[in-house]
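Data from my_file.pdb: PDB, C-alpha atoms, pLDDT in the B column
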```pdb
ATOM      1  CA  MET P   1      82.456   0.807  31.819  1.00 49.00           C
ATOM      2  CA  THR P   2      79.785   1.633  29.311  1.00 46.00           C
ATOM      3  CA  GLU P   3      79.626  -1.957  28.141  1.00 47.00           C
ATOM      4  CA  PHE P   4      79.188  -3.151  31.722  1.00 45.00           C
ATOM      5  CA  SER P   5      76.409  -0.630  32.317  1.00 49.00           C
ATOM      6  CA  ASP P   6      74.621  -1.717  29.166  1.00 52.00           C
ATOM      7  CA  ARG P   7      74.743  -5.314  30.309  1.00 52.00           C
ATOM      8  CA  ARG P   8      73.248  -4.407  33.691  1.00 53.00           C
ATOM      9  CA  LEU P   9      70.516  -2.382  31.979  1.00 48.00           C
ATOM     10  CA  SER P  10      69.654  -5.250  29.635  1.00 56.00           C
ATOM     11  CA  SER P  11      69.519  -7.645  32.575  1.00 57.00           C
ATOM     12  CA  ARG P  12      67.147  -5.344  34.434  1.00 60.00           C
ATOM     13  CA  VAL P  13      64.916  -4.968  31.357  1.00 51.00           C
ATOM     14  CA  ALA P  14      64.765  -8.718  30.882  1.00 55.00           C
ATOM     15  CA  SER P  15      63.875  -9.232  34.542  1.00 58.00           C
ATOM     16  CA  ALA P  16      61.158  -6.607  34.278  1.00 54.00           C
ATOM     17  CA  LEU P  17      59.674  -8.292  31.213  1.00 53.00           C
ATOM     18  CA  VAL P  18      59.599 -11.639  33.027  1.00 50.00           C
ATOM     19  CA  LEU P  19      57.789 -10.057  35.984  1.00 54.00           C
ATOM     20  CA  VAL P  20      55.265  -8.332  33.733  1.00 49.00           C
ATOM     21  CA  SER P  21      54.562 -11.551  31.817  1.00 54.00           C
ATOM     22  CA  ALA P  22      54.046 -13.462  35.054  1.00 52.00           C
ATOM     23  CA  ALA P  23      51.681 -10.801  36.325  1.00 52.00           C
ATOM     24  CA  LEU P  24      49.630 -10.955  33.160  1.00 52.00           C
ATOM     25  CA  LEU P  25      49.459 -14.754  33.010  1.00 49.00           C
ATOM     26  CA  THR P  26      48.639 -15.385  36.667  1.00 48.00           C
ATOM     27  CA  PRO P  27      44.955 -14.212  36.511  1.00 48.00           C
ATOM     28  CA  LEU P  28      44.396 -16.308  33.410  1.00 45.00           C
ATOM     29  CA  MET P  29      45.814 -19.402  35.077  1.00 46.00           C
ATOM     30  CA  ILE P  30      43.726 -18.821  38.193  1.00 42.00           C
ATOM     31  CA  SER P  31      40.603 -18.230  36.104  1.00 45.00           C
ATOM     32  CA  GLY P  32      41.249 -21.391  34.115  1.00 46.00           C
ATOM     33  CA  ALA P  33      41.672 -23.422  37.279  1.00 41.00           C
ATOM     34  CA  ALA P  34      38.465 -21.989  38.700  1.00 41.00           C
ATOM     35  CA  ILE P  35      36.579 -22.868  35.554  1.00 36.00           C
ATOM     36  CA  ALA P  36      37.985 -26.389  35.608  1.00 38.00           C
ATOM     37  CA  GLN P  37      36.724 -26.836  39.175  1.00 36.00           C
ATOM     38  CA  THR P  38      33.267 -25.396  38.513  1.00 32.00           C
ATOM     39  CA  PRO P  39      30.577 -28.109  37.972  1.00 33.00           C
ATOM     40  CA  GLY P  40      29.606 -28.147  34.311  1.00 32.00           C
ATOM     41  CA  TYR P  41      26.169 -28.686  32.762  1.00 29.00           C
ATOM     42  CA  ALA P  42      25.693 -29.883  29.215  1.00 31.00           C
ATOM     43  CA  SER P  43      23.966 -27.307  27.086  1.00 32.00           C
ATOM     44  CA  ILE P  44      20.312 -28.119  26.471  1.00 29.00           C
ATOM     45  CA  GLN P  45      19.570 -28.356  22.786  1.00 33.00           C
ATOM     46  CA  GLN P  46      16.047 -27.928  21.532  1.00 32.00           C
ATOM     47  CA  SER P  47      15.175 -31.152  19.768  1.00 33.00           C
ATOM     48  CA  ALA P  48      13.505 -30.832  16.414  1.00 33.00           C
ATOM     49  CA  TYR P  49       9.760 -31.415  16.288  1.00 32.00           C
ATOM     50  CA  PRO P  50       9.249 -35.164  15.790  1.00 37.00           C
ATOM     51  CA  ALA P  51       9.145 -36.294  12.197  1.00 36.00           C
ATOM     52  CA  ASP P  52       6.369 -38.529  10.963  1.00 36.00           C
ATOM     53  CA  GLU P  53       8.814 -41.203   9.886  1.00 34.00           C
ATOM     54  CA  VAL P  54       8.590 -43.651  12.778  1.00 38.00           C
ATOM     55  CA  ILE P  55      10.199 -47.013  13.221  1.00 36.00           C
ATOM     56  CA  GLY P  56       7.830 -49.789  12.238  1.00 41.00           C
ATOM     57  CA  VAL P  57       7.099 -52.757  14.441  1.00 45.00           C
ATOM     58  CA  ASP P  58       9.430 -55.721  14.056  1.00 50.00           C
ATOM     59  CA  GLU P  59       7.088 -58.120  12.282  1.00 49.00           C
ATOM     60  CA  GLY P  60       9.148 -61.068  13.414  1.00 51.00           C
ATOM     61  CA  ALA P  61       8.354 -60.187  17.039  1.00 64.00           C
ATOM     62  CA  THR P  62       4.703 -59.277  16.447  1.00 77.00           C
ATOM     63  CA  PRO P  63       2.003 -61.973  16.253  1.00 88.00           C
ATOM     64  CA  GLU P  64       0.393 -62.033  12.831  1.00 91.00           C
ATOM     65  CA  ARG P  65      -3.048 -61.258  14.257  1.00 91.00           C
ATOM     66  CA  LEU P  66      -1.729 -57.913  15.565  1.00 95.00           C
ATOM     67  CA  ARG P  67      -0.151 -56.760  12.316  1.00 95.00           C
ATOM     68  CA  ARG P  68      -1.942 -54.217  10.200  1.00 97.00           C
ATOM     69  CA  ALA P  69      -3.695 -55.931   7.286  1.00 96.00           C
ATOM     70  CA  VAL P  70      -6.799 -55.789   5.117  1.00 97.00           C
ATOM     71  CA  VAL P  71      -9.036 -58.676   6.210  1.00 97.00           C
ATOM     72  CA  THR P  72     -12.495 -60.103   5.602  1.00 96.00           C
ATOM     73  CA  PHE P  73     -14.923 -58.468   8.003  1.00 96.00           C
ATOM     74  CA  GLY P  74     -18.709 -58.746   8.027  1.00 93.00           C
ATOM     75  CA  THR P  75     -20.608 -55.882   9.651  1.00 95.00           C
ATOM     76  CA  THR P  76     -23.657 -53.702   9.109  1.00 95.00           C
ATOM     77  CA  GLU P  77     -21.705 -50.605  10.172  1.00 97.00           C
ATOM     78  CA  ALA P  78     -21.039 -48.048   7.446  1.00 97.00           C
ATOM     79  CA  PRO P  79     -17.630 -47.709   5.781  1.00 98.00           C
ATOM     80  CA  GLY P  80     -15.397 -45.424   7.790  1.00 98.00           C
ATOM     81  CA  THR P  81     -16.609 -46.744  11.146  1.00 98.00           C
ATOM     82  CA  ILE P  82     -14.069 -47.869  13.749  1.00 98.00           C
ATOM     83  CA  ILE P  83     -14.909 -51.089  15.609  1.00 98.00           C
ATOM     84  CA  ILE P  84     -12.810 -52.150  18.585  1.00 98.00           C
ATOM     85  CA  ASP P  85     -12.834 -55.845  19.534  1.00 97.00           C
ATOM     86  CA  THR P  86     -11.798 -55.556  23.165  1.00 96.00           C
ATOM     87  CA  ALA P  87     -11.504 -59.295  23.865  1.00 96.00           C
ATOM     88  CA  ASN P  88      -9.175 -59.904  20.902  1.00 95.00           C
ATOM     89  CA  THR P  89      -7.242 -56.607  21.292  1.00 96.00           C
ATOM     90  CA  THR P  90      -7.910 -55.594  17.696  1.00 97.00           C
ATOM     91  CA  LEU P  91      -9.316 -52.503  16.015  1.00 98.00           C
ATOM     92  CA  TYR P  92     -11.061 -52.540  12.628  1.00 98.00           C
ATOM     93  CA  TYR P  93     -11.513 -49.664  10.228  1.00 98.00           C
ATOM     94  CA  VAL P  94     -14.474 -50.641   8.057  1.00 98.00           C
ATOM     95  CA  LEU P  95     -13.807 -50.377   4.312  1.00 97.00           C
ATOM     96  CA  GLY P  96     -17.131 -51.789   3.146  1.00 96.00           C
ATOM     97  CA  GLN P  97     -17.967 -54.730   0.879  1.00 94.00           C
ATOM     98  CA  GLY P  98     -17.003 -57.178   3.621  1.00 96.00           C
ATOM     99  CA  ARG P  99     -13.499 -55.804   4.179  1.00 97.00           C
ATOM    100  CA  ALA P 100     -11.746 -53.868   6.936  1.00 98.00           C
ATOM    101  CA  ILE P 101      -8.257 -52.832   7.975  1.00 98.00           C
ATOM    102  CA  ARG P 102      -7.191 -54.646  11.133  1.00 97.00           C
ATOM    103  CA  TYR P 103      -4.847 -53.096  13.714  1.00 98.00           C
ATOM    104  CA  GLY P 104      -3.443 -54.632  16.878  1.00 97.00           C
ATOM    105  CA  VAL P 105      -4.182 -52.554  19.992  1.00 98.00           C
ATOM    106  CA  GLY P 106      -3.667 -52.428  23.719  1.00 97.00           C
ATOM    107  CA  VAL P 107      -6.866 -52.070  25.772  1.00 96.00           C
ATOM    108  CA  GLY P 108      -8.027 -51.505  29.343  1.00 92.00           C
ATOM    109  CA  ARG P 109      -6.742 -53.789  32.043  1.00 89.00           C
ATOM    110  CA  GLU P 110      -9.062 -55.728  34.336  1.00 89.00           C
ATOM    111  CA  GLY P 111     -11.665 -53.381  35.784  1.00 87.00           C
ATOM    112  CA  PHE P 112     -10.927 -50.624  33.273  1.00 86.00           C
ATOM    113  CA  THR P 113     -12.482 -51.998  30.097  1.00 93.00           C
ATOM    114  CA  TRP P 114     -15.623 -50.342  28.774  1.00 94.00           C
ATOM    115  CA  SER P 115     -17.986 -50.587  25.826  1.00 96.00           C
ATOM    116  CA  GLY P 116     -20.346 -48.338  23.940  1.00 96.00           C
ATOM    117  CA  VAL P 117     -20.534 -45.921  21.034  1.00 97.00           C
ATOM    118  CA  GLN P 118     -18.574 -42.685  20.792  1.00 97.00           C
ATOM    119  CA  THR P 119     -17.519 -40.266  18.059  1.00 98.00           C
ATOM    120  CA  ILE P 120     -14.151 -38.722  17.396  1.00 98.00           C
ATOM    121  CA  SER P 121     -14.379 -35.177  18.744  1.00 98.00           C
ATOM    122  CA  ARG P 122     -10.810 -34.039  18.137  1.00 97.00           C
ATOM    123  CA  LYS P 123      -7.611 -35.084  16.403  1.00 98.00           C
ATOM    124  CA  ALA P 124      -4.083 -34.133  17.473  1.00 96.00           C
ATOM    125  CA  GLU P 125      -0.622 -34.721  16.037  1.00 97.00           C
ATOM    126  CA  TRP P 126       2.157 -35.392  18.569  1.00 96.00           C
ATOM    127  CA  PRO P 127      -0.177 -34.238  21.369  1.00 93.00           C
ATOM    128  CA  ASP P 128       1.027 -32.704  24.607  1.00 89.00           C
ATOM    129  CA  TRP P 129       0.096 -34.544  27.766  1.00 81.00           C
ATOM    130  CA  HIS P 130      -1.509 -32.944  30.812  1.00 81.00           C
ATOM    131  CA  PRO P 131      -1.997 -35.638  33.481  1.00 77.00           C
ATOM    132  CA  PRO P 132      -5.476 -35.307  35.053  1.00 72.00           C
ATOM    133  CA  SER P 133      -5.606 -34.241  38.684  1.00 79.00           C
ATOM    134  CA  GLN P 134      -7.007 -37.623  39.743  1.00 70.00           C
ATOM    135  CA  MET P 135      -4.027 -39.395  38.198  1.00 69.00           C
ATOM    136  CA  ILE P 136      -1.586 -37.010  39.867  1.00 80.00           C
ATOM    137  CA  ALA P 137      -3.292 -37.686  43.191  1.00 84.00           C
ATOM    138  CA  ARG P 138      -2.683 -41.414  42.683  1.00 71.00           C
ATOM    139  CA  GLN P 139       0.813 -40.988  41.257  1.00 76.00           C
ATOM    140  CA  PRO P 140       2.272 -37.707  42.574  1.00 88.00           C
ATOM    141  CA  TYR P 141       5.659 -38.356  40.929  1.00 86.00           C
ATOM    142  CA  LEU P 142       4.176 -37.771  37.470  1.00 80.00           C
ATOM    143  CA  PRO P 143       5.088 -34.612  35.542  1.00 82.00           C
ATOM    144  CA  ARG P 144       2.410 -31.925  35.393  1.00 86.00           C
ATOM    145  CA  PHE P 145       3.054 -31.482  31.692  1.00 85.00           C
ATOM    146  CA  MET P 146       4.874 -33.356  28.949  1.00 85.00           C
ATOM    147  CA  ALA P 147       5.404 -31.887  25.508  1.00 84.00           C
ATOM    148  CA  GLY P 148       4.526 -33.979  22.481  1.00 85.00           C
ATOM    149  CA  GLY P 149       7.291 -36.163  21.138  1.00 87.00           C
ATOM    150  CA  PRO P 150       8.606 -39.733  20.876  1.00 86.00           C
ATOM    151  CA  GLY P 151       8.781 -40.098  24.670  1.00 85.00           C
ATOM    152  CA  ASN P 152       5.228 -38.888  25.261  1.00 88.00           C
ATOM    153  CA  PRO P 153       2.788 -41.626  26.391  1.00 89.00           C
ATOM    154  CA  LEU P 154       0.199 -40.427  23.834  1.00 92.00           C
ATOM    155  CA  GLY P 155       2.576 -41.195  20.985  1.00 95.00           C
ATOM    156  CA  ALA P 156       2.443 -39.768  17.484  1.00 96.00           C
ATOM    157  CA  ARG P 157      -1.302 -39.223  17.158  1.00 97.00           C
ATOM    158  CA  ALA P 158      -4.413 -39.037  19.334  1.00 97.00           C
ATOM    159  CA  LEU P 159      -8.110 -39.369  18.487  1.00 98.00           C
ATOM    160  CA  TYR P 160     -10.268 -38.038  21.316  1.00 97.00           C
ATOM    161  CA  LEU P 161     -13.553 -39.846  21.976  1.00 97.00           C
ATOM    162  CA  GLY P 162     -16.494 -37.563  22.659  1.00 96.00           C
ATOM    163  CA  THR P 163     -16.263 -35.684  25.949  1.00 93.00           C
ATOM    164  CA  SER P 164     -14.816 -38.693  27.772  1.00 89.00           C
ATOM    165  CA  GLN P 165     -11.207 -39.023  28.904  1.00 84.00           C
ATOM    166  CA  TYR P 166     -10.723 -41.949  26.541  1.00 91.00           C
ATOM    167  CA  ARG P 167      -8.560 -41.718  23.436  1.00 94.00           C
ATOM    168  CA  ILE P 168      -7.282 -43.851  20.628  1.00 98.00           C
ATOM    169  CA  HIS P 169      -3.612 -42.961  20.538  1.00 97.00           C
ATOM    170  CA  GLY P 170      -0.082 -44.059  19.786  1.00 97.00           C
ATOM    171  CA  THR P 171       2.339 -45.273  22.419  1.00 94.00           C
ATOM    172  CA  ASN P 172       5.962 -44.962  23.468  1.00 90.00           C
ATOM    173  CA  ASP P 173       5.912 -48.638  24.461  1.00 93.00           C
ATOM    174  CA  PRO P 174       4.893 -50.861  21.504  1.00 93.00           C
ATOM    175  CA  SER P 175       5.419 -53.982  23.647  1.00 94.00           C
ATOM    176  CA  THR P 176       2.015 -53.268  25.258  1.00 95.00           C
ATOM    177  CA  ILE P 177       0.125 -53.851  21.998  1.00 97.00           C
ATOM    178  CA  GLY P 178      -2.092 -56.923  22.284  1.00 96.00           C
ATOM    179  CA  LYS P 179      -2.286 -56.627  26.074  1.00 96.00           C
ATOM    180  CA  PHE P 180      -4.785 -55.484  28.693  1.00 96.00           C
ATOM    181  CA  VAL P 181      -2.689 -52.690  30.136  1.00 91.00           C
ATOM    182  CA  SER P 182      -4.366 -49.268  30.019  1.00 89.00           C
ATOM    183  CA  SER P 183      -6.950 -47.472  32.120  1.00 82.00           C
ATOM    184  CA  GLY P 184      -9.420 -47.430  29.257  1.00 89.00           C
ATOM    185  CA  CYS P 185      -7.620 -45.853  26.317  1.00 92.00           C
ATOM    186  CA  ILE P 186      -6.997 -47.763  23.110  1.00 97.00           C
ATOM    187  CA  ARG P 187      -3.356 -47.667  22.054  1.00 96.00           C
ATOM    188  CA  LEU P 188      -1.684 -48.539  18.769  1.00 97.00           C
ATOM    189  CA  THR P 189       1.902 -48.475  17.592  1.00 96.00           C
ATOM    190  CA  ASN P 190       2.877 -45.006  16.397  1.00 96.00           C
ATOM    191  CA  GLU P 191       3.045 -46.280  12.832  1.00 96.00           C
ATOM    192  CA  ASP P 192      -0.511 -47.632  13.000  1.00 97.00           C
ATOM    193  CA  ALA P 193      -1.764 -44.545  14.859  1.00 98.00           C
ATOM    194  CA  ILE P 194      -0.538 -42.336  12.007  1.00 98.00           C
ATOM    195  CA  ASP P 195      -2.141 -44.606   9.410  1.00 98.00           C
ATOM    196  CA  LEU P 196      -5.525 -44.605  11.177  1.00 98.00           C
ATOM    197  CA  PHE P 197      -5.314 -40.866  11.901  1.00 98.00           C
ATOM    198  CA  ASN P 198      -4.948 -40.130   8.190  1.00 98.00           C
ATOM    199  CA  ARG P 199      -8.063 -42.188   7.349  1.00 98.00           C
ATOM    200  CA  VAL P 200     -10.594 -40.765   9.800  1.00 98.00           C
ATOM    201  CA  ASP P 201     -12.247 -37.396  10.357  1.00 97.00           C
ATOM    202  CA  VAL P 202     -13.804 -35.649  13.335  1.00 98.00           C
ATOM    203  CA  GLY P 203     -17.274 -37.121  13.745  1.00 98.00           C
ATOM    204  CA  THR P 204     -16.219 -40.677  12.877  1.00 98.00           C
ATOM    205  CA  LYS P 205     -18.277 -43.295  14.711  1.00 98.00           C
ATOM    206  CA  VAL P 206     -16.392 -45.550  17.128  1.00 98.00           C
ATOM    207  CA  VAL P 207     -17.992 -48.792  18.353  1.00 97.00           C
ATOM    208  CA  VAL P 208     -16.320 -50.471  21.334  1.00 97.00           C
ATOM    209  CA  LEU P 209     -17.435 -54.063  21.840  1.00 97.00           C
ATOM    210  CA  PRO P 210     -17.586 -55.398  25.408  1.00 95.00           C
ATOM    211  CA  LYS P 211     -14.963 -57.893  26.464  1.00 91.00           C
ATOM    212  CA  SER P 212     -17.723 -60.473  26.902  1.00 87.00           C
ATOM    213  CA  ALA P 213     -19.231 -60.013  23.412  1.00 81.00           C
ATOM    214  CA  PRO P 214     -20.278 -63.429  22.013  1.00 67.00           C
ATOM    215  CA  VAL P 215     -18.127 -65.117  19.399  1.00 53.00           C
ATOM    216  CA  MET P 216     -19.874 -65.659  16.082  1.00 40.00           C
ATOM    217  CA  ALA P 217     -17.465 -67.546  13.829  1.00 36.00           C
ATOM    218  CA  ARG P 218     -14.069 -67.384  12.243  1.00 38.00           C
ATOM    219  CA  GLY P 219     -13.529 -65.256   9.196  1.00 43.00           C
ATOM    220  CA  GLY P 220     -11.915 -66.361   5.985  1.00 40.00           C
ATOM    221  CA  ASP P 221      -8.508 -65.261   7.278  1.00 46.00           C
ATOM    222  CA  GLY P 222      -8.860 -67.395  10.411  1.00 43.00           C
ATOM    223  CA  ARG P 223      -9.611 -64.590  12.876  1.00 48.00           C
ATOM    224  CA  THR P 224     -12.607 -64.485  15.174  1.00 48.00           C
ATOM    225  CA  VAL P 225     -15.577 -62.447  13.925  1.00 50.00           C
ATOM    226  CA  ARG P 226     -18.181 -61.077  16.278  1.00 49.00           C
ATOM    227  CA  PRO P 227     -21.804 -60.570  15.326  1.00 44.00           C
ATOM    228  CA  ALA P 228     -22.571 -57.204  13.772  1.00 44.00           C
ATOM    229  CA  GLY P 229     -25.547 -56.824  16.061  1.00 42.00           C
ATOM    230  CA  ALA P 230     -23.696 -57.572  19.290  1.00 42.00           C
ATOM    231  CA  HIS P 231     -25.331 -55.823  22.235  1.00 41.00           C
ATOM    232  CA  LEU P 232     -23.546 -52.644  23.304  1.00 41.00           C
ATOM    233  CA  ARG P 233     -23.756 -50.844  26.585  1.00 42.00           C
ATOM    234  CA  PRO P 234     -24.496 -47.115  26.430  1.00 40.00           C
ATOM    235  CA  ALA P 235     -21.546 -44.863  25.721  1.00 41.00           C
ATOM    236  CA  MET P 236     -19.859 -43.941  28.946  1.00 43.00           C
ATOM    237  CA  SER P 237     -17.237 -41.582  30.319  1.00 39.00           C
ATOM    238  CA  ALA P 238     -14.206 -42.592  32.332  1.00 40.00           C
ATOM    239  CA  PRO P 239     -15.205 -43.949  35.760  1.00 39.00           C
ATOM    240  CA  SER P 240     -14.488 -41.658  38.685  1.00 34.00           C
ATOM    241  CA  GLY P 241     -10.847 -41.874  39.706  1.00 35.00           C
ATOM    242  CA  ARG P 242      -9.883 -43.882  36.635  1.00 37.00           C
ATOM    243  CA  GLN P 243      -7.982 -42.234  33.873  1.00 37.00           C
ATOM    244  CA  ALA P 244      -7.570 -42.850  30.195  1.00 39.00           C
ATOM    245  CA  MET P 245      -4.027 -44.150  30.467  1.00 40.00           C
ATOM    246  CA  ASN P 246      -2.055 -46.502  32.629  1.00 37.00           C
ATOM    247  CA  LEU P 247       1.281 -45.296  33.980  1.00 36.00           C
ATOM    248  CA  VAL P 248       3.602 -47.464  36.010  1.00 33.00           C
ATOM    249  CA  ALA P 249       6.767 -46.021  37.473  1.00 30.00           C
ATOM    250  CA  PRO P 250       9.373 -45.452  36.327  1.00 28.00           C
ATOM    251  CA  GLN P 251       8.289 -45.731  32.697  1.00 31.00           C
ATOM    252  CA  VAL P 252       5.402 -43.730  31.300  1.00 36.00           C
ATOM    253  CA  ASN P 253       3.309 -45.924  28.995  1.00 37.00           C
TER     254      ASN P 253
END
```
Structure rendered as structure tokens:
Amino acid sequence: MTEFSDRRLSSRVASALVLVSAALLTPLMISGAAIAQTPGYASIQQSAYPADEVIGVDEGATPERLRRAVVTFGTTEAPGTIIIDTANTTLYYVLGQGRAIRYGVGVGREGFTWSGVQTISRKAEWPDWHPPSQMIARQPYLPRFMAGGPGNPLGARALYLGTSQYRIHGTNDPSTIGKFVSSGCIRLTNEDAIDLFNRVDVGTKVVVLPKSAPVMARGGDGRTVRPAGAHLRPAMSAPSGRQAMNLVAPQVN
């Protein structure tokens, strides 16, 4: 009789343990199912501040005239001056003694080119971008702010020209180099923008030649050279309603 009672007691204890285990596991299973059904969002990781090592332009896909190079260049401008040849989409950093560093650039599209003399008033590394109100009015889908970085339309470096809205800056779209694409800004590849940025100081003179400047001759390296005394229009600010960059949805250039 005692043995039978012990068996019944053991059976009851085992049943109780099963019930307790089920009671404890049920909330966990329900919670797990609820979590599995809840929409998930990938955690946002703060990207590191962009490094200065940028990918260079594929020289095989870039015309030789747009590649950075030291070339023969005759001018009466002092060494350290920046000269922008709008018609040939090239920028020259004068070295002196008949030499200059040539860079390929993107310039203003039809109706947005300008000419004159400015000075570099500010320099910025990986600049933030604040779209001007006029640009937002024209393109309301634009962000109101974009932090500096590889995806920023101002690229790796920016040289601000006087009090105008024009800049010499890098770009997140190197395919626009050599083209008439912007709203007045001068854009270089990020690699070239960093190189130029490291050579110039605030106060550097910038001469922008008009698109219609007369052709003088061809230099020793085969490129077109414009006369040092080419007529320049007075320095000017961005026309009303026209901004220093061109942005076409959906990509920001």
Which of these residues is nearest to Ala78 (chain P), using only C-alpha atoms: P:Thr171, P:Thr204, P:Gln139, P:Ser164?
P:Thr204
With only C-alpha atoms as the counted atoms, please give the residues lying no more than 7 Å from Gly184 (chain P), apart from itself and same-chain residues fewer than 2 positions off, as an NGL selection string.
:P and (107-108 or 112-114 or 166 or 182 or 186 or 244-245)
Write out as a ChimeraX atom specification the residues lying within 12 Å of Asn88 (chain P), counting only C-alpha atoms and excluding same-chain residues fewer than 3 positions away.
/P:65-66,83-85,91-92,102-108,177-180,208-215,223-226
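Residue nearest Ser183 (chain P), chosen from P:Arg167, P:Arg99, P:Lys123, P:His130 and counting only C-alpha atoms: P:Arg167.
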Report, in Å with one decimal, the straight-line distance from CA of Asn172 (chain P) to CA of Leu154 (chain P).
7.3 Å
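Atom pair CA of Arg122 (chain P) / CA of Leu161 (chain P) has a distance of 7.5 Å (rounded to one decimal).
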List as a list in words: which residues have an atom within 9 Å of (6.0, -31.7, 22.7), counting only C-alpha atoms?
Tyr49, Pro50, Trp126, Pro127, Asp128, Trp129, Met146, Ala147, Gly148, Gly149, Pro150 and Asn152 of chain P
